[in-house]
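These notes concern the structure reproduced below.
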Amino acid sequence: MSDDTQTPGPGDAGRDTSPGHEVDHDPTGMTDDEKRHDQLTRAPKSDESDAAPRITTEDRGDGVTRIDVADTAKVRPGGAG
């Protein structure tokens with residue numbers, strides 16, 4: 001059995017490079033951030049705030065990363081009441 005996964009290069013950390021998820025075969029030519037922005041602002045009533053980051057991350061060292069909901073997030077987890 002062969003291993004078809006690609007070895008991640010610089011900037012590929014955290015990307016799924018298993019077969020079918022190769023990073024160098026993207027026909028759009030867009031970065032992940034550009035694709036995210038395009039998708040979130042494509043709807044008829046969307047605006048730039050829809051594409052604003054919804055989380056913040058903080059590297060605390062020793063391999064620990066804290067992930068929080070951004071104060072500016074338009075959509076927040078939890079119910080309204």
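Residue names in the structure tokens use chain letters A, B, ... in the order shown, residue numbers from 1 in each chain, and ligand numbers from 1 in the order shown.
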Skip Thr41 of chain A itself and residues of its chain fewer than 4 positions away, then list as a VMD selection string all residues within 7 Å of it, counting only C-alpha atoms. chain A and resid 37 46 to 48 50 to 51
Output C-alpha atoms of each residue in that selection to a file, as an mmCIF file, in the first residue's frame.
```
data_model
loop_
_atom_site.group_PDB
_atom_site.id
_atom_site.type_symbol
_atom_site.label_atom_id
_atom_site.label_comp_id
_atom_site.auth_asym_id
_atom_site.auth_seq_id
_atom_site.Cartn_x
_atom_site.Cartn_y
_atom_site.Cartn_z
ATOM 1 C CA HIS A 37 -14.409 36.325 1.628
ATOM 2 C CA SER A 46 -24.500 40.334 2.510
ATOM 3 C CA ASP A 47 -21.973 43.036 3.305
ATOM 4 C CA GLU A 48 -18.302 43.246 4.279
ATOM 5 C CA ASP A 50 -20.265 39.086 6.995
ATOM 6 C CA ALA A 51 -16.683 38.236 6.036
#
```
For Ser49 of chain A, find every residue with an atom within 10 Å (counting only C-alpha atoms), except residues of its own chain fewer than 6 positions away, and show them as a ChimeraX atom specification. /A:40-41,72-74
